[in-house]
file start.txt (compact mmCIF, C-alpha atoms)
# COMPACT_ATOMS: atom_id res chain seq x y z
CA MET J 833 0.00 0.00 0.00
CA LEU J 834 1.32 3.43 -0.94
CA ALA J 835 1.37 5.98 1.85
CA PRO J 836 3.13 9.27 2.58
CA ASN J 837 6.07 9.14 4.95
CA PHE J 838 4.94 11.93 7.26
CA ASP J 839 7.59 11.23 9.89
CA THR J 840 10.40 12.19 7.51
CA ALA J 841 8.67 15.24 6.02
CA ARG J 842 7.02 16.85 9.03
CA PRO J 843 7.95 20.49 8.19
CA LEU J 844 6.03 20.19 4.91
CA ASP J 845 2.82 18.77 6.37
CA ILE J 846 1.23 22.20 6.81
CA ALA J 847 2.24 23.27 3.30
CA ALA J 848 0.79 20.03 1.92
CA ALA J 849 -2.50 20.66 3.72
CA ASP J 850 -2.51 24.24 2.45
CA TYR J 851 -2.09 22.98 -1.11
CA GLU J 852 -5.46 21.23 -1.03
CA VAL J 853 -7.14 24.61 -0.48
CA VAL J 854 -4.81 26.30 -2.98
CA ARG J 855 -5.71 23.66 -5.56
CA ARG J 856 -9.44 24.35 -5.15
CA ALA J 857 -8.83 28.09 -5.40
CA VAL J 858 -6.68 27.73 -8.52
CA GLU J 859 -9.19 25.43 -10.20
CA PHE J 860 -11.93 28.00 -9.57
CA VAL J 861 -9.83 30.87 -10.92
CA ASN J 862 -8.80 28.76 -13.90
CA ARG J 863 -12.46 28.79 -14.90
CA ARG J 864 -13.12 32.41 -13.93
CA PHE J 865 -9.82 34.30 -14.35
CA ARG J 866 -11.25 36.59 -17.03
CA ASP J 867 -13.70 37.91 -14.43
CA GLN J 868 -10.91 38.47 -11.88
CA PRO J 869 -13.12 37.28 -9.00
CA GLU J 870 -12.88 38.88 -5.57
CA VAL J 871 -11.22 37.11 -2.67
CA GLU J 872 -14.60 36.46 -1.03
CA GLU J 873 -15.81 34.54 -4.07
CA ILE J 874 -12.59 32.54 -4.34
CA ALA J 875 -12.73 31.70 -0.64
CA ARG J 876 -16.28 30.35 -0.97
CA ALA J 877 -15.20 28.14 -3.86
CA ALA J 878 -12.22 26.89 -1.85
CA GLY J 879 -14.40 26.19 1.19
CA VAL J 880 -12.71 28.60 3.61
CA LEU J 881 -13.26 32.10 5.01
CA PRO J 882 -11.65 35.05 3.18
CA ARG J 883 -9.39 35.78 6.14
CA THR J 884 -8.29 32.14 6.22
CA LEU J 885 -7.58 32.22 2.49
CA ASN J 886 -5.43 35.34 2.85
CA GLU J 887 -3.44 33.85 5.73
CA LEU J 888 -3.05 30.54 3.93
CA PHE J 889 -1.70 32.03 0.70
CA ARG J 890 0.78 34.24 2.52
CA ARG J 891 1.98 31.25 4.51
CA TRP J 892 2.13 28.98 1.46
CA CYS J 893 3.83 31.25 -1.07
CA GLY J 894 4.29 34.73 0.47
CA LEU J 895 1.68 36.43 -1.73
CA SER J 896 -1.88 37.58 -1.18
CA PRO J 897 -4.50 35.57 -3.10
CA LYS J 898 -4.98 38.46 -5.53
CA ASP J 899 -1.24 38.81 -6.18
CA PHE J 900 -0.89 35.06 -6.60
CA LEU J 901 -3.76 34.86 -9.06
CA GLN J 902 -2.43 37.82 -11.00
CA ALA J 903 0.86 35.97 -11.29
CA VAL J 904 -0.78 33.05 -13.07
CA THR J 905 -3.38 34.68 -15.29
CA LEU J 906 -2.72 34.46 -19.00
CA ASP J 907 -2.09 38.20 -19.29
CA ALA J 908 0.58 38.04 -16.61
CA ALA J 909 2.11 34.97 -18.24
CA ARG J 910 2.32 36.80 -21.55
CA ARG J 911 4.04 39.75 -19.89
CA VAL J 912 6.57 37.46 -18.22
CA LEU J 913 7.24 35.80 -21.54
CA ALA J 914 7.63 39.15 -23.33
CA GLU J 915 10.16 40.26 -20.73
CA SER J 916 11.99 36.93 -20.87
CA SER J 917 12.23 36.20 -24.58
CA ASN J 918 16.03 36.12 -24.46
CA VAL J 919 16.30 34.39 -21.10
CA LEU J 920 18.15 31.40 -22.53
CA ASP J 921 20.71 33.61 -24.27
CA ALA J 922 21.24 35.48 -21.03
CA ALA J 923 21.70 32.20 -19.19
CA TYR J 924 24.44 31.21 -21.60
CA GLU J 925 26.22 34.53 -21.01
CA LEU J 926 25.91 34.39 -17.23
CA GLY J 927 26.92 30.76 -16.87
CA PHE J 928 25.06 27.69 -15.67
CA SER J 929 25.37 28.38 -11.93
CA SER J 930 25.40 32.15 -12.08
CA PRO J 931 24.00 34.59 -9.49
CA GLY J 932 20.96 34.76 -11.79
CA ARG J 933 19.96 31.39 -10.34
CA LEU J 934 19.70 32.83 -6.83
CA HIS J 935 16.12 31.66 -6.42
CA ASP J 936 16.63 28.23 -7.96
CA LEU J 937 17.78 24.84 -6.81
CA PHE J 938 21.52 24.39 -7.29
CA VAL J 939 21.92 21.19 -9.26
CA VAL J 940 24.69 19.11 -10.77
CA HIS J 941 23.76 16.39 -13.19
CA GLU J 942 24.98 13.45 -15.22
CA SER J 943 23.32 11.03 -17.63
CA LEU J 944 23.16 7.29 -18.09
CA SER J 945 25.03 6.08 -21.13
CA PRO J 946 22.98 5.54 -24.32
CA GLY J 947 23.51 1.81 -23.87
CA GLU J 948 22.10 1.85 -20.34
CA TRP J 949 19.09 3.81 -21.52
CA LYS J 950 18.42 1.51 -24.49
CA THR J 951 18.18 -1.50 -22.22
CA GLY J 952 15.33 0.14 -20.31
CA ALA J 953 17.70 0.73 -17.36
CA ALA J 954 18.22 -3.02 -16.90
CA GLY J 955 20.32 -3.71 -13.81
CA LEU J 956 19.66 -0.26 -12.34
CA VAL J 957 18.17 -0.19 -8.84
CA ILE J 958 15.71 2.69 -8.34
CA ARG J 959 14.51 3.40 -4.81
CA TRP J 960 11.26 5.31 -4.41
CA GLY J 961 9.06 6.91 -1.81
CA PHE J 962 6.14 9.31 -1.44
CA HIS J 963 6.52 12.53 0.54
CA THR J 964 4.46 15.62 1.31
CA SER J 965 5.20 18.80 -0.64
CA GLN J 966 3.77 22.24 -1.33
CA PHE J 967 2.21 20.83 -4.49
CA GLY J 968 0.61 17.61 -3.26
CA MET J 969 2.15 14.19 -2.81
CA ALA J 970 5.59 13.94 -4.41
CA LEU J 971 7.09 10.69 -5.66
CA ALA J 972 10.88 10.81 -5.41
CA MET J 973 12.99 8.20 -7.19
CA VAL J 974 16.74 7.83 -6.66
CA THR J 975 19.67 5.78 -7.91
CA PRO J 976 23.14 5.52 -6.36
CA ARG J 977 24.11 8.42 -8.66
CA GLY J 978 21.33 10.77 -7.54
CA LEU J 979 17.70 11.77 -8.11
CA CYS J 980 16.31 10.31 -11.34
CA GLY J 981 12.59 10.96 -10.98
CA LEU J 982 10.16 13.34 -9.31
CA ALA J 983 6.43 13.16 -9.95
CA PHE J 984 3.30 14.55 -8.33
CA ALA J 985 0.00 12.92 -7.43
CA ASP J 986 -3.26 14.11 -5.96
CA GLU J 987 -4.81 12.06 -3.17
CA GLY J 988 -5.72 8.58 -4.36
CA GLU J 989 -3.55 8.80 -7.49
CA GLU J 990 -0.32 7.49 -6.00
CA GLU J 991 -0.53 4.07 -7.67
CA ALA J 992 -1.05 5.65 -11.09
CA ALA J 993 1.87 8.05 -10.59
CA LEU J 994 4.20 5.20 -9.68
CA ALA J 995 3.05 3.10 -12.64
CA ASP J 996 3.58 6.05 -14.99
CA MET J 997 7.16 6.50 -13.81
CA ARG J 998 7.95 2.78 -13.91
CA ARG J 999 6.86 2.59 -17.55
CA ARG J 1000 9.67 4.99 -18.44
CA TRP J 1001 12.36 2.53 -17.36
CA PRO J 1002 10.62 -0.87 -17.51
CA ASN J 1003 13.64 -3.06 -16.83
CA ALA J 1004 14.95 -1.34 -13.72
CA THR J 1005 14.57 -2.92 -10.29
CA TYR J 1006 12.26 -0.89 -8.06
CA VAL J 1007 12.54 -0.85 -4.27
CA GLU J 1008 10.17 1.07 -1.99
CA ASP J 1009 12.50 2.95 0.34
CA PRO J 1010 11.13 6.29 1.63
CA ILE J 1011 14.04 6.56 4.08
CA ALA J 1012 16.45 6.76 1.12
CA THR J 1013 14.33 9.28 -0.78
CA ALA J 1014 13.36 11.51 2.17
CA PRO J 1015 16.60 13.57 2.20
CA TYR J 1016 16.07 14.40 -1.48
CA ALA J 1017 12.46 15.47 -0.94
CA ALA J 1018 13.43 17.59 2.07
CA ARG J 1019 16.11 19.43 0.09
CA ILE J 1020 13.96 19.95 -2.99
CA PHE J 1021 11.00 21.47 -1.20
CA ASP J 1022 12.83 23.51 1.46
CA CYS J 1023 14.29 26.69 -0.06
CA ARG J 1024 16.75 26.97 2.81
CA SER J 1025 18.51 23.90 1.40
CA TRP J 1026 19.10 25.42 -2.04
CA ARG J 1027 22.83 26.06 -1.61
CA PRO J 1028 25.54 26.30 -4.28
CA ASP J 1029 28.11 24.77 -1.94
CA ASP J 1030 25.99 21.64 -1.55
CA PRO J 1031 24.30 20.99 -4.92
CA LEU J 1032 21.56 18.47 -5.50
CA ARG J 1033 22.80 15.59 -7.63
CA ILE J 1034 20.47 14.33 -10.36
CA VAL J 1035 20.81 11.77 -13.13
CA PHE J 1036 19.06 11.95 -16.50
CA ILE J 1037 17.74 8.73 -18.03
CA GLY J 1038 16.69 9.45 -21.62
CA THR J 1039 17.81 9.83 -25.22
CA ASP J 1040 20.59 12.24 -26.15
CA PHE J 1041 18.01 14.63 -27.60
CA GLU J 1042 15.82 14.50 -24.49
CA VAL J 1043 18.81 15.13 -22.22
CA ARG J 1044 19.79 18.19 -24.28
CA VAL J 1045 16.28 19.57 -23.90
CA TRP J 1046 16.18 18.86 -20.16
CA GLU J 1047 19.56 20.52 -19.68
CA THR J 1048 18.22 23.60 -21.45
CA LEU J 1049 15.19 23.71 -19.17
CA MET J 1050 17.52 24.01 -16.21
CA ARG J 1051 18.77 27.37 -17.51
CA ILE J 1052 15.34 29.03 -17.19
CA PRO J 1053 15.55 31.13 -14.01
CA MET J 1054 12.72 31.19 -11.50
CA GLY J 1055 10.22 33.93 -12.33
CA LYS J 1056 11.04 33.72 -16.05
CA ALA J 1057 9.57 31.73 -18.93
CA THR J 1058 10.37 30.65 -22.45
CA THR J 1059 8.71 28.86 -25.36
CA TYR J 1060 9.14 25.54 -27.14
CA SER J 1061 10.50 27.33 -30.21
CA HIS J 1062 13.09 29.25 -28.17
CA ILE J 1063 14.32 26.00 -26.68
CA ALA J 1064 14.47 24.39 -30.12
CA GLY J 1065 16.57 27.32 -31.33
CA SER J 1066 18.88 27.16 -28.34
CA ILE J 1067 19.79 23.53 -29.11
CA GLU J 1068 20.24 24.41 -32.79
CA LYS J 1069 17.13 22.55 -33.88
CA PRO J 1070 14.88 25.50 -34.86
CA GLY J 1071 12.47 23.30 -36.79
CA ALA J 1072 12.02 20.80 -33.98
CA ALA J 1073 9.59 22.66 -31.71
CA ARG J 1074 7.17 19.73 -31.73
CA ALA J 1075 9.90 17.23 -30.86
CA VAL J 1076 11.06 19.59 -28.11
CA GLY J 1077 7.52 19.66 -26.77
CA ALA J 1078 7.44 15.86 -26.67
CA ALA J 1079 10.77 15.74 -24.83
CA ILE J 1080 9.55 18.31 -22.32
CA GLY J 1081 6.43 16.21 -21.78
CA ARG J 1082 8.68 13.24 -20.95
CA ASN J 1083 10.77 15.17 -18.41
CA PRO J 1084 10.97 12.71 -15.49
CA ILE J 1085 12.21 15.18 -12.85
CA SER J 1086 9.41 17.68 -12.35
CA PHE J 1087 9.98 20.98 -10.54
CA VAL J 1088 13.77 20.48 -10.29
CA VAL J 1089 13.97 20.46 -14.10
CA PRO J 1090 11.45 23.28 -14.60
CA CYS J 1091 9.34 22.24 -17.57
CA HIS J 1092 6.54 24.26 -15.93
CA ARG J 1093 8.34 27.44 -17.08
CA VAL J 1094 7.68 26.67 -20.76
CA LEU J 1095 4.68 28.46 -22.25
CA GLY J 1096 2.94 28.45 -25.60
CA LYS J 1097 4.14 30.92 -28.22
CA SER J 1098 1.38 33.40 -27.30
CA GLY J 1099 2.07 33.05 -23.58
CA ASP J 1100 -0.68 30.50 -22.92
CA LEU J 1101 -0.17 28.16 -19.98
CA THR J 1102 -0.09 25.02 -22.08
CA GLY J 1103 -0.43 21.47 -20.77
CA TYR J 1104 1.62 19.95 -17.99
CA HIS J 1105 2.10 16.23 -17.36
CA TRP J 1106 1.13 16.63 -13.71
CA GLY J 1107 -1.87 18.88 -14.37
CA LEU J 1108 -2.41 22.47 -15.47
CA THR J 1109 -3.73 23.41 -12.03
CA ARG J 1110 -0.46 22.28 -10.47
CA LYS J 1111 1.51 24.19 -13.14
CA ARG J 1112 -0.34 27.38 -12.22
CA ALA J 1113 0.26 26.71 -8.54
CA ILE J 1114 4.00 26.17 -9.02
CA LEU J 1115 4.39 29.34 -11.09
CA GLY J 1116 2.50 31.35 -8.49
CA TRP J 1117 4.53 29.86 -5.64
CA GLU J 1118 7.75 30.69 -7.48
CA ALA J 1119 6.56 34.27 -7.99
CA GLY J 1120 6.19 34.48 -4.23
CA GLN J 1121 9.76 33.26 -3.67
CA VAL J 1122 11.14 35.85 -6.08
CA CYS J 1123 9.14 38.62 -4.37
CA LYS J 1124 10.64 37.72 -0.99
CA GLU J 1125 14.10 38.90 -2.09
call {"tool": "encode", "arguments": {"input": "start.txt", "output": "structure tokens"}}
result
Amino acid sequence: MLAPNFDTARPLDIAAADYEVVRRAVEFVNRRFRDQPEVEEIARAAGVLPRTLNELFRRWCGLSPKDFLQAVTLDAARRVLAESSNVLDAAYELGFSSPGRLHDLFVVHESLSPGEWKTGAAGLVIRWGFHTSQFGMALAMVTPRGLCGLAFADEGEEEAALADMRRRWPNATYVEDPIATAPYAARIFDCRSWRPDDPLRIVFIGTDFEVRVWETLMRIPMGKATTYSHIAGSIEKPGAARAVGAAIGRNPISFVVPCHRVLGKSGDLTGYHWGLTRKRAILGWEAGQVCKE
């Protein structure tokens, strides 16, 4: 039976509980954002009092509900994209671990060899565990080399999330071991652990093309956004926007490898493997972290 390991993720329990209300609020606004509903109306839809909603959002992401919702409306997304059209070029100039990544996880990465990937990760032992996070239940998956998978699941969807991840590497050996994965989850979801002198180690398991796309995603700073076509251009495949989109959709390390920061060409918040509501929530939460500086 799949169950969250609350004992090893206690500091995130409140944030995880907050997310359930946030999710209801975001789903409501997703339907009604053009009307820019008042806080009282959003609170009713989320099942809490307006004062509770205000306190919850400030605790969860550091923004008021109105500021949060403004951060994830389509108009705001388009403005962010317009201001960030050259964000990948700037990342190249500044360097991979530049001060421009102040708000981001500090990560070092490596990849499995093409041969290891082609065998479906045969012989690789992947340990996994579910943990609470600001964005619902998080499934962390690790190898001796580092984090190889991070997925999200709403309540009751844990089995499906695990099955989805296992299909990516069908020949690996899977071991439930939340004690092994807990330190990774704690570091990923606690901003105080995002330190350049102690980077998070991750390992990519995918094709050469997919790995190039995922590496490019890691250069998108928090609070910025880019498009599929910009990423295709940055890897010198300007005509491969659709293939880039497919590779982004197969990104196995959500949040850490920020595929949520990729928007449609017009600034639309396009699909997300772990749900558009969660994508909106992550972008709003990140806006709050940037505003704290």
call {"tool": "atom_distance", "arguments": {"input": "start.txt", "atom1": "atom CA of J:Phe938", "atom2": "atom CA of J:Asp1030"}}
result
7.8 Å
call {"tool": "residues_around", "arguments": {"input": "start.txt", "residues": "J:Ala1012", "least_positions_apart": "4", "cutoff": "8 Å", "atoms": "all atoms listed in the file", "output": "PyMOL selection string"}}
result
chain J and resi 959-961+974
call {"tool": "write_last_selection", "arguments": {"input": "start.txt", "atoms": "C-alpha atoms", "output": "short mmCIF file (atom, residue, chain, number, x, y, z; two decimals), in the coordinates of the input"}}
result
data_model
loop_
_atom_site.label_atom_id
_atom_site.label_comp_id
_atom_site.auth_asym_id
_atom_site.auth_seq_id
_atom_site.Cartn_x
_atom_site.Cartn_y
_atom_site.Cartn_z
CA ARG J 959 14.51 3.40 -4.81
CA TRP J 960 11.26 5.31 -4.41
CA GLY J 961 9.06 6.91 -1.81
CA VAL J 974 16.74 7.83 -6.66
#
call {"tool": "axis_aligned_box", "arguments": {"input": "start.txt", "around": "stretch 1003-1017 of chain J", "padding_each_side": "5 Å", "output": "AutoDock Vina command-line options"}}
result
--center_x 13.4 --center_y 6.2 --center_z -6.4 --size_x 16.4 --size_y 28.5 --size_z 30.9
call {"tool": "atom_distance", "arguments": {"input": "start.txt", "atom1": "atom CA of J:His1062", "atom2": "atom CA of J:Val1094"}}
result
9.5 Å
call {"tool": "atom_distance", "arguments": {"input": "start.txt", "atom1": "atom CA of J:Arg998", "atom2": "atom CA of J:Arg855"}}
result
26.3 Å
call {"tool": "closest_residue", "arguments": {"input": "start.txt", "among": "J:Glu942, J:Ala849, J:Ser1086, J:Leu971", "to": "J:Ala992", "atoms": "all atoms listed in the file"}}
result
J:Leu971
call {"tool": "closest_residue", "arguments": {"input": "start.txt", "among": "J:Ile1085, J:Ala1079, J:Ala1119, J:Leu881", "to": "J:Met973", "atoms": "all atoms listed in the file"}}
result
J:Ile1085
call {"tool": "closest_residue", "arguments": {"input": "start.txt", "among": "J:Arg910, J:Val853, J:Leu956, J:Gly1103", "to": "J:Tyr1006", "atoms": "all atoms listed in the file"}}
result
J:Leu956
call {"tool": "residues_around", "arguments": {"input": "start.txt", "residues": "J:Arg1000", "least_positions_apart": "6", "cutoff": "9 Å", "atoms": "all atoms listed in the file", "output": "number ranges by chain"}}
result
J: 952, 1037-1038, 1082, 1084
call {"tool": "closest_residue", "arguments": {"input": "start.txt", "among": "J:Tyr1104, J:Tyr1060, J:Trp892, J:Trp949", "to": "J:Ala983", "atoms": "only C-alpha atoms"}}
result
J:Tyr1104
